[in-house]
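The file coords39.cif comes next; it holds mmCIF, C-alpha atoms.
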```cif
data_upload
loop_
_atom_site.label_atom_id
_atom_site.label_comp_id
_atom_site.auth_asym_id
_atom_site.auth_seq_id
_atom_site.Cartn_x
_atom_site.Cartn_y
_atom_site.Cartn_z
CA MET A 1 0.00 0.00 0.00
CA PHE A 2 2.78 2.42 0.95
CA ARG A 3 6.25 2.73 -0.47
CA ALA A 4 9.17 1.94 1.88
CA SER A 5 10.16 5.62 2.21
CA GLN A 6 6.56 6.55 3.10
CA LYS A 7 6.50 3.79 5.72
CA ASN A 8 9.67 5.29 7.25
CA ASP A 9 8.13 8.72 7.32
CA PHE A 10 4.86 7.47 8.83
CA ALA A 11 6.79 5.62 11.55
CA VAL A 12 8.79 8.76 12.41
CA ALA A 13 5.64 10.92 12.33
CA ALA A 14 3.88 8.49 14.70
CA LEU A 15 6.85 8.58 17.08
CA LEU A 16 6.92 12.38 17.07
CA LEU A 17 3.18 12.62 17.54
CA GLY A 18 3.40 10.24 20.50
CA ALA A 19 6.19 12.35 22.03
CA LEU A 20 4.20 15.55 21.46
CA VAL A 21 1.10 14.19 23.17
CA LEU A 22 3.07 12.61 26.00
CA PHE A 23 5.12 15.71 26.85
CA SER A 24 2.21 18.09 26.69
CA LEU A 25 -0.04 15.81 28.76
CA ILE A 26 2.38 14.95 31.55
CA ASN A 27 3.14 18.66 31.92
CA PHE A 28 6.79 17.87 32.57
CA SER A 29 8.61 20.75 34.26
CA THR A 30 11.36 21.42 36.73
CA ILE A 31 11.16 24.64 38.75
CA GLN A 32 8.36 25.40 36.28
CA VAL A 33 10.69 25.28 33.26
CA LYS A 34 9.40 22.96 30.57
CA PRO A 35 10.89 21.86 27.25
CA ASN A 36 9.38 23.45 24.15
CA ILE A 37 8.17 20.25 22.49
CA PHE A 38 6.32 22.34 19.88
CA ILE A 39 9.61 23.45 18.30
CA ILE A 40 11.50 20.19 18.90
CA VAL A 41 9.00 18.06 16.97
CA PRO A 42 9.15 20.15 13.73
CA ILE A 43 12.98 20.19 13.90
CA VAL A 44 13.25 16.39 14.20
CA ALA A 45 10.48 15.93 11.62
CA ALA A 46 12.26 18.28 9.19
CA LEU A 47 15.49 16.35 9.63
CA LEU A 48 14.00 12.87 9.26
CA ILE A 49 10.81 13.08 7.19
CA GLU A 50 11.31 13.29 3.42
CA ASN A 51 7.70 13.33 2.23
CA TRP A 52 6.32 16.85 2.55
CA HIS A 53 2.69 15.63 2.69
CA ILE A 54 3.46 13.68 5.84
CA PHE A 55 5.46 16.57 7.30
CA PHE A 56 2.63 19.06 6.81
CA GLY A 57 0.08 16.53 8.06
CA LEU A 58 2.11 16.21 11.25
CA LEU A 59 2.42 19.99 11.48
CA LEU A 60 -1.35 20.40 11.14
CA ILE A 61 -2.00 17.93 13.97
CA GLU A 62 0.63 19.69 16.08
CA LEU A 63 -1.03 23.06 15.57
CA ILE A 64 -4.46 21.66 16.45
CA TRP A 65 -2.98 20.05 19.56
CA LEU A 66 -1.16 23.27 20.51
CA LYS A 67 -4.26 25.45 20.38
CA PHE A 68 -4.77 26.68 23.93
CA THR A 69 -6.86 29.81 23.38
CA PRO A 70 -10.29 30.19 21.75
CA PHE A 71 -8.86 32.92 19.50
CA LEU A 72 -5.80 33.16 17.26
CA ILE A 73 -2.57 34.45 18.76
CA ILE A 74 0.87 35.14 17.29
CA GLU A 75 2.41 32.00 18.85
CA TYR A 76 0.53 29.74 16.40
CA GLY A 77 1.87 31.75 13.45
CA ILE A 78 5.43 31.61 14.80
CA ILE A 79 5.32 27.83 15.25
CA LEU A 80 3.91 27.41 11.73
CA LEU A 81 6.50 29.73 10.18
CA PHE A 82 9.42 28.17 12.07
CA SER A 83 8.29 24.66 11.13
CA VAL A 84 8.06 25.50 7.42
CA CYS A 85 11.46 27.21 7.55
CA SER A 86 12.93 24.18 9.40
CA PHE A 87 11.66 21.86 6.66
CA ILE A 88 13.14 24.00 3.87
CA VAL A 89 16.47 24.53 5.66
CA ALA A 90 16.75 20.86 6.66
CA LYS A 91 16.35 19.80 3.05
CA LEU A 92 19.25 22.10 2.11
CA LEU A 93 21.47 20.86 4.94
CA ILE A 94 23.93 18.23 3.89
CA PHE A 95 25.41 17.95 7.40
CA ARG A 96 22.21 17.01 9.21
CA LYS A 97 23.87 13.98 10.82
CA ILE A 98 26.38 16.18 12.62
CA LEU A 99 25.43 16.78 16.25
CA LEU A 100 26.67 20.38 16.32
CA VAL A 101 24.48 21.33 13.36
CA ARG A 102 21.41 19.98 15.13
CA LEU A 103 22.34 21.71 18.40
CA PHE A 104 22.75 25.00 16.57
CA PHE A 105 19.40 24.44 14.87
CA VAL A 106 17.65 23.95 18.24
CA PHE A 107 19.43 26.94 19.78
CA LEU A 108 18.62 29.19 16.81
CA LEU A 109 14.90 28.35 16.78
CA GLN A 110 14.58 28.71 20.55
CA PHE A 111 16.44 32.03 20.45
CA LEU A 112 14.25 33.33 17.62
CA PHE A 113 11.10 32.14 19.40
CA TRP A 114 12.01 34.11 22.52
CA PHE A 115 13.18 37.07 20.47
CA VAL A 116 9.99 37.32 18.43
CA LEU A 117 7.86 37.05 21.56
CA GLN A 118 9.77 40.01 22.98
CA ALA A 119 11.41 38.07 25.79
CA THR A 120 14.92 39.32 24.90
CA SER A 121 15.57 40.50 28.45
CA GLN A 122 15.09 36.93 29.65
CA ILE A 123 17.41 35.27 27.15
CA LEU A 124 20.37 35.62 29.51
CA SER A 125 18.59 33.68 32.24
CA LEU A 126 18.57 30.27 33.87
CA VAL A 127 15.11 29.61 32.42
CA PHE A 128 16.38 29.98 28.84
CA LEU A 129 19.43 27.80 29.55
CA LEU A 130 17.37 25.08 31.26
CA GLU A 131 14.86 25.04 28.42
CA LEU A 132 17.73 24.76 25.92
CA VAL A 133 19.20 21.80 27.82
CA TYR A 134 15.81 20.05 27.90
CA ASN A 135 15.20 20.84 24.24
CA VAL A 136 18.58 19.47 23.18
CA ILE A 137 18.24 16.27 25.22
CA ILE A 138 14.73 15.54 23.93
CA GLU A 139 15.65 16.46 20.34
CA GLU A 140 18.66 14.12 20.43
CA LEU A 141 16.61 11.29 21.95
CA LEU A 142 13.87 11.69 19.35
CA PHE A 143 16.42 12.00 16.55
CA ALA A 144 18.17 8.79 17.66
CA LEU A 145 14.86 6.91 17.98
CA GLY A 146 13.59 8.29 14.68
CA SER A 147 16.80 7.34 12.85
CA TRP A 148 16.55 3.83 14.29
CA LEU A 149 12.92 3.57 13.18
CA LYS A 150 13.84 4.72 9.67
CA LYS A 151 16.50 2.00 9.42
CA ARG A 152 14.12 -0.59 10.80
CA PHE A 153 11.39 0.14 8.25
CA SER A 154 13.68 0.54 5.24
CA MET B 1 21.12 0.31 19.17
CA LYS B 2 20.86 -3.45 19.48
CA LYS B 3 23.37 -3.41 22.32
CA ILE B 4 21.40 -0.74 24.16
CA LEU B 5 18.22 -2.80 23.87
CA ILE B 6 20.06 -5.87 25.21
CA VAL B 7 21.36 -3.84 28.20
CA ILE B 8 17.84 -2.51 28.89
CA ALA B 9 16.45 -6.07 28.72
CA TYR B 10 19.13 -7.28 31.16
CA VAL B 11 18.44 -4.44 33.62
CA ALA B 12 14.68 -5.09 33.43
CA GLY B 13 15.30 -8.80 34.01
CA VAL B 14 17.47 -8.14 37.08
CA VAL B 15 14.88 -5.73 38.52
CA LEU B 16 12.12 -8.32 38.02
CA LEU B 17 14.23 -11.04 39.65
CA VAL B 18 15.00 -8.87 42.68
CA ALA B 19 11.43 -7.63 43.01
CA THR B 20 9.59 -10.93 42.51
CA PRO B 21 10.26 -12.47 45.98
CA PHE B 22 8.68 -9.46 47.67
CA PHE B 23 5.51 -9.86 45.64
CA VAL B 24 5.45 -13.64 46.07
CA LEU B 25 5.87 -13.42 49.86
CA LYS B 26 2.88 -11.11 50.14
CA PRO B 27 0.11 -12.24 47.78
CA GLY B 28 -2.03 -9.13 48.33
CA ARG B 29 0.84 -6.90 47.36
CA PHE B 30 -0.06 -6.58 43.68
CA VAL B 31 -3.57 -5.45 44.61
CA ASP B 32 -2.19 -2.98 47.17
CA VAL B 33 0.26 -1.48 44.72
CA SER B 34 -2.25 -1.18 41.89
CA LEU B 35 -4.83 0.35 44.25
CA ARG B 36 -2.29 2.91 45.41
CA VAL B 37 -1.31 3.79 41.87
CA PHE B 38 -4.90 4.19 40.74
CA SER B 39 -6.02 6.13 43.82
CA LEU B 40 -3.07 8.51 43.57
CA PRO B 41 -4.86 11.11 41.41
CA SER B 42 -7.75 11.35 43.89
CA ILE B 43 -5.28 11.70 46.78
CA LEU B 44 -3.50 14.48 44.88
CA ASP B 45 -6.82 16.23 44.20
CA GLU B 46 -7.70 16.02 47.88
CA LEU B 47 -4.27 17.37 48.79
CA SER B 48 -4.61 20.37 46.48
CA ALA B 49 -8.14 21.08 47.81
CA LEU B 50 -6.79 20.96 51.37
CA LYS B 51 -3.92 23.25 50.43
CA LYS B 52 -6.39 25.70 48.98
CA GLU B 53 -8.62 25.59 52.04
CA ASN B 54 -5.62 26.00 54.30
CA SER B 55 -4.36 29.03 52.37
CA GLU B 56 -7.84 30.57 52.48
CA LEU B 57 -8.07 30.10 56.24
CA LYS B 58 -4.57 31.51 56.73
CA GLY B 59 -5.59 34.54 54.69
CA LYS B 60 -8.75 35.02 56.77
CA LEU B 61 -6.74 34.69 59.99
CA PHE B 62 -4.21 37.21 58.71
CA SER B 63 -7.01 39.58 57.77
CA LEU B 64 -8.58 39.26 61.23
CA GLU B 65 -5.25 39.74 63.03
CA SER B 66 -4.23 42.74 60.97
CA SER B 67 -7.80 44.11 60.70
CA TYR B 68 -7.67 44.47 56.90
CA LEU B 69 -11.12 44.03 55.42
CA LEU B 70 -11.47 41.28 52.82
CA PRO B 71 -13.85 41.96 49.90
CA ALA B 72 -17.43 40.79 50.47
CA ASP B 73 -18.30 37.32 49.12
CA SER B 74 -20.62 38.84 46.51
CA ARG B 75 -17.66 40.52 44.82
CA TYR B 76 -15.93 37.24 43.99
CA LEU B 77 -16.52 35.64 40.60
CA TYR B 78 -15.70 31.95 40.37
CA GLY B 79 -14.18 30.71 37.13
CA LYS B 80 -12.51 27.63 35.69
CA VAL B 81 -9.02 27.65 34.20
CA PHE B 82 -9.15 26.17 30.73
CA SER B 83 -5.51 26.40 29.69
CA LEU B 84 -2.03 27.32 30.78
CA TYR B 85 0.34 29.16 28.45
CA PRO B 86 2.49 26.25 27.23
CA PHE B 87 5.85 28.02 26.76
CA ASN B 88 8.40 29.40 29.22
CA VAL B 89 8.40 32.87 27.65
CA LYS B 90 5.34 33.91 29.65
CA ASN B 91 3.52 32.46 32.64
CA ARG B 92 -0.13 33.13 31.97
CA ILE B 93 -3.38 31.30 32.31
CA TYR B 94 -6.66 31.55 30.42
CA ILE B 95 -9.93 31.50 32.35
CA ALA B 96 -13.51 30.89 31.28
CA LEU B 97 -14.78 34.33 32.35
CA GLY B 98 -15.01 37.31 30.04
CA SER B 99 -16.56 40.72 29.49
CA ASP B 100 -20.01 39.07 29.51
CA ASN B 101 -19.35 38.20 33.16
CA GLY B 102 -18.21 41.72 34.05
CA ILE B 103 -14.50 41.02 33.81
CA LYS B 104 -12.24 44.03 33.22
CA SER B 105 -8.53 44.39 32.67
CA GLY B 106 -6.55 44.85 35.89
CA GLN B 107 -8.94 42.98 38.20
CA PRO B 108 -7.15 40.80 40.79
CA VAL B 109 -7.28 37.04 40.25
CA MET B 110 -7.12 34.86 43.34
CA PHE B 111 -5.94 31.31 43.95
CA SER B 112 -8.35 31.11 46.90
CA LYS B 113 -10.55 33.89 48.25
CA THR B 114 -7.62 35.35 50.18
CA VAL B 115 -4.48 34.49 48.18
CA LEU B 116 -3.48 36.52 45.11
CA LEU B 117 -2.47 34.73 41.91
CA GLY B 118 -2.28 37.55 39.34
CA GLN B 119 -4.28 40.10 37.39
CA ILE B 120 -6.46 40.15 34.28
CA THR B 121 -4.50 41.40 31.26
CA GLY B 122 -6.75 40.65 28.32
CA VAL B 123 -10.51 40.22 28.06
CA SER B 124 -12.69 38.78 25.33
CA THR B 125 -16.40 37.95 25.43
CA ASN B 126 -16.16 34.65 27.30
CA THR B 127 -12.48 34.31 28.19
CA SER B 128 -9.72 36.30 29.83
CA GLU B 129 -5.96 36.17 29.98
CA VAL B 130 -4.37 36.32 33.43
CA ILE B 131 -0.80 37.39 34.09
CA THR B 132 0.41 35.41 37.10
CA ILE B 133 3.07 36.25 39.65
CA PHE B 134 5.25 33.64 37.88
CA ASP B 135 5.51 35.89 34.81
CA SER B 136 8.80 37.78 34.66
CA SER B 137 7.10 40.97 33.48
CA TYR B 138 4.82 41.13 36.54
CA SER B 139 5.59 43.43 39.46
CA LEU B 140 3.48 44.67 42.35
CA PRO B 141 4.05 46.85 45.44
CA VAL B 142 3.71 44.73 48.59
CA LYS B 143 4.17 44.98 52.33
CA ILE B 144 5.84 42.43 54.58
CA GLY B 145 5.00 41.34 58.11
CA LYS B 146 3.05 43.05 60.85
CA LYS B 147 5.20 46.19 60.59
CA GLY B 148 4.22 46.53 56.93
CA ILE B 149 7.73 46.86 55.50
CA ASP B 150 7.67 47.99 51.86
CA GLY B 151 8.88 45.79 49.04
CA LEU B 152 8.35 45.15 45.36
CA LEU B 153 7.16 41.76 44.15
CA GLN B 154 9.11 40.76 41.04
CA GLY B 155 7.53 37.98 39.07
CA GLY B 156 9.42 35.02 37.68
CA VAL B 157 9.56 31.23 37.88
CA ALA B 158 10.68 31.81 41.46
CA PRO B 159 9.02 35.13 42.40
CA GLU B 160 10.88 37.31 44.89
CA ILE B 161 10.52 40.53 46.81
CA GLY B 162 13.05 43.22 46.05
CA LEU B 163 13.70 46.81 47.15
CA ILE B 164 13.41 45.96 50.86
CA ASP B 165 15.07 48.57 53.08
CA LYS B 166 18.27 47.11 54.58
CA THR B 167 17.70 48.80 57.92
CA LYS B 168 14.35 47.03 58.38
CA GLN B 169 14.11 43.53 59.79
CA ILE B 170 12.09 40.80 58.16
CA ALA B 171 11.91 37.20 59.27
CA VAL B 172 11.20 33.86 57.62
CA GLY B 173 7.44 33.20 57.78
CA ASP B 174 6.39 36.87 57.67
CA GLU B 175 3.27 37.34 55.55
CA ILE B 176 3.52 39.24 52.29
CA PHE B 177 0.44 41.18 51.26
CA THR B 178 -0.65 43.54 48.50
CA ALA B 179 -0.30 47.29 48.77
CA ALA B 180 -1.10 48.41 45.22
CA LYS B 181 -3.60 51.20 44.63
CA ASP B 182 -5.48 49.29 41.92
CA MET B 183 -6.46 46.33 44.10
CA PRO B 184 -7.81 45.72 47.62
CA TYR B 185 -5.23 46.33 50.33
CA GLY B 186 -4.03 43.36 52.35
CA LEU B 187 -4.57 40.42 49.98
CA LEU B 188 -2.16 37.66 50.91
CA VAL B 189 0.56 36.80 48.38
CA GLY B 190 2.58 34.27 50.38
CA SER B 191 5.16 34.31 53.13
CA VAL B 192 8.90 34.95 53.36
CA LYS B 193 10.85 31.77 52.59
CA SER B 194 14.37 33.13 52.92
CA VAL B 195 16.14 36.48 52.98
CA LYS B 196 19.12 37.19 50.73
CA GLU B 197 21.56 39.74 52.10
CA ASP B 198 24.14 40.96 49.64
CA PRO B 199 26.61 43.40 51.32
CA SER B 200 27.26 45.18 48.01
CA ALA B 201 23.56 45.65 47.20
CA ALA B 202 21.53 48.60 48.43
CA PHE B 203 18.42 46.56 49.23
CA LEU B 204 17.44 43.18 50.65
CA LYS B 205 15.79 40.45 48.62
CA ALA B 206 13.39 37.79 49.89
CA GLN B 207 12.25 34.52 48.35
CA ILE B 208 8.53 33.78 48.60
CA SER B 209 6.90 30.62 49.85
CA LEU B 210 3.63 30.06 47.98
CA PRO B 211 0.78 27.73 48.96
CA TYR B 212 0.34 26.49 45.35
CA ALA B 213 2.13 25.68 42.09
CA LEU B 214 0.88 27.09 38.80
CA SER B 215 0.24 23.65 37.33
CA ASP B 216 -2.11 22.78 40.27
CA ILE B 217 -4.56 25.57 39.54
CA ILE B 218 -7.88 24.45 38.11
CA ASP B 219 -10.16 27.26 39.24
CA VAL B 220 -9.81 30.87 40.38
CA TYR B 221 -11.73 33.78 41.86
CA VAL B 222 -11.80 37.23 40.27
CA ILE B 223 -12.56 40.27 42.43
CA ARG B 224 -15.06 42.67 40.84
CA ASP B 225 -15.34 46.39 41.61
CA VAL B 226 -11.80 46.84 42.81
CA SER B 227 -12.36 50.33 44.23
CA ARG B 228 -13.87 50.18 47.70
#
```
So that I can check it, write out the structure of this file as structure tokens.
Amino acid sequence: MFRASQKNDFAVAALLLGALVLFSLINFSTIQVKPNIFIIVPIVAALLIENWHIFFGLLLIELIWLKFTPFLIIEYGIILLFSVCSFIVAKLLIFRKILLVRLFFVFLLQFLFWFVLQATSQILSLVFLLELVYNVIIEELLFALGSWLKKRFS
Amino acid sequence: MKKILIVIAYVAGVVLLVATPFFVLKPGRFVDVSLRVFSLPSILDELSALKKENSELKGKLFSLESSYLLPADSRYLYGKVFSLYPFNVKNRIYIALGSDNGIKSGQPVMFSKTVLLGQITGVSTNTSEVITIFDSSYSLPVKIGKKGIDGLLQGGVAPEIGLIDKTKQIAVGDEIFTAAKDMPYGLLVGSVKSVKEDPSAAFLKAQISLPYALSDIIDVYVIRDVSR
């Protein structure tokens, strides 16, 4: 029914969706600092998913899941924009298997997210650093699991 | 990856082997454990309700001792929290009360009837946005202890009181209460957890002990008609 590459992408999308639901439901936080799973998932998806239909399907579900207000706010737009940019940039990256590239990717998106939401005064804070550490750990775990899944289904 | 899975399987096997005798020796143990796991959420709910009641009573006691009048019961609007802001950039909550219910920007939002949580910042027809004391952009003039020492509440993941005069004495456990002109005087915020004394700084800083965590909050009270 599906081609092998589509199977890979579906497996990765299912993993990321599971992680998204799990992290947002358990409300994981330490001293009230929580990882930003809504930017980690698009990054890992952009790095691992090749089929853009599946990527945008995942993004749509993420945005529906994220919705926490009965009206539209800028945060939804930022997540959408960053996710699309991640997908385009990731397809241009030839060094996506290098850890430092991925770390920089996570840092850049988190920095821009805080910057756009006018939280620049808080960027030099423990909260930003802790979130970055959480983001990097979860991104690396999901990337490792996703890569393993891709090999398994290929 | 295969090696990691084998190690995980080994660890799980060892844990099972060590744990099994305890379960075998006490046949009812499985039932006990599962009952405890499944009744945990209700215990946690009860705990948070008790915490809320306790904080409300403490606030009432404080109000009686210090003779600050609390707003009348008719001025409180009860509302449910329907979402928390999911990112660390801000610490806000969204409540199911809006302009249709008489909500206006700036009204105080309470954890219990006596303990302050934040203020309304945005209002739509049926919902409102609340800035909490955990938000780094929130600040509020407060007073500390029975002597009413001035301080400034500075919001953040760990809110603290700054600008406390170094010559004044504050102690751990002293109540912190509101002293802003746009909300009722004497609403409890929390109590002093610890005092930071930096010889090079001009003012003292105090950490706050709060009777709740932001993630525990499921309902709030909003005080209407702030001017007395």
- Item | Result set of the PyMOL selection byres ((chain A and resi 102-118) around 10) on the coordinates above, as a ChimeraX atom specification | /A:36,39-40,43-44,47,74-75,78-79,82-83,85-86,89-90,95-101,119-123,128-129,131-133,135-137,139-140,143 /B:87-90
- Query: Which residue, A:Gly57, A:Ile138, A:Pro35, A:Pro70, has the smallest gap to Ala14 of chain A when you use all atoms listed in the file?
  - Reply: A:Gly57
- Item | Shortest interatomic distance to Trp148 of chain A - which of A:Asn8, A:Leu63, A:Tyr134, A:Ala13, counting all atoms listed in the file |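 Counting all atoms listed in the file, the residue closest to Trp148 of chain A is A:Asn8.
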- Note on the structure: Correct to one decimal, the distance atom CA of Glu129 of chain B-atom CA of Asp45 of chain B is 24.5 Å
- Message: Report, in Å with one decimal, the straight-line distance from atom CA of Phe56 of chain A to atom CA of Leu84 of chain B.
- Response: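 Distance reported for this atom pair: 25.8 Å.
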- Item | Contact residues (chain B, partner chain A, 10 Å, all atoms listed in the file) as a list in words |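 Putting it all together, I get Met1, Lys2, Phe82, Ser83, Leu84, Tyr85, Pro86, Phe87, Asn88, Val89, Lys90, Asn91, Ile93, Tyr94, Ile95, Ser124, Asn126, Thr127, Ser128, Glu129, Phe134, Ser136, Ser137, Gly156, Val157, Ala158, Ala213, Leu214 and Ser215 of chain B.
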- With only C-alpha atoms as the basis for distance, which of A:Leu48, A:Ile54, A:Leu130, A:Ile64 is at the shortest distance from Val21 of chain A?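 Smallest separation from Val21 of chain A among the options: A:Ile64.
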- Using the chain letters and residue numbers of this document, give as a list of chain:residue names the residues selected by the PyMOL selection byres ((chain B and resi 177) around 6).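 With the PyMOL selection byres ((chain B and resi 177) around 6) on this model, the match is B:Val142, B:Lys143, B:Ile176, B:Thr178, B:Gly186, B:Leu187, B:Leu188, B:Val189.
Among the candidate residues B:Leu153, B:Phe203, B:Ile208, B:Ser66, the one lying nearest to Ala171 of chain B is B:Ile208, with distances computed using only C-alpha atoms.
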- Message: What's the separation between atom CA of Leu204 of chain B and atom CA of Ile144 of chain B, in Å to one decimal place?
- Response: 12.3 Å
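With all atoms listed in the file as the atoms that count, the minimum distance from Leu142 of chain A to the choices A:Ala11, A:Ala19, A:Leu58, A:Ala46 is reached by A:Ala19.
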- Item | Spatial neighbours of Pro184 of chain B, 12 Å, only C-alpha atoms, chain gap at least 4 places, as a list in words |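 So the residues in contact are Ser63, Tyr68, Leu69, Leu70, Pro71, Ala72, Arg75, Gly106, Gln107, Pro108, Val109, Met110, Thr114, Val115, Leu116, Val142, Phe177, Thr178, Ala179, Ala180, Leu188, Val222, Ile223, Arg224, Asp225, Val226, Ser227 and Arg228 of chain B.
Proximity to Gly151 of chain B was assessed for B:Leu44, B:Ile170, B:Ile133, B:Ile120 counting all atoms listed in the file; the smallest distance is recorded for B:Ile170.
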Give the centre and edge lengths of an axis-aligned box, in Å to one decimal, that holds all listed atoms of segment 178-185 of chain B with 8 Å on each side, as lines of an AutoDock Vina configuration file.
```
center_x = -4.1
center_y = 47.4
center_z = 46.1
size_x = 23.5
size_y = 23.7
size_z = 24.4
```
- Item | Test item: the PyMOL selection byres ((chain B and resi 164) around 10) resolved as an MDAnalysis selection string | chainID B and resid 143:144 149:152 161:163 165:170 202:206
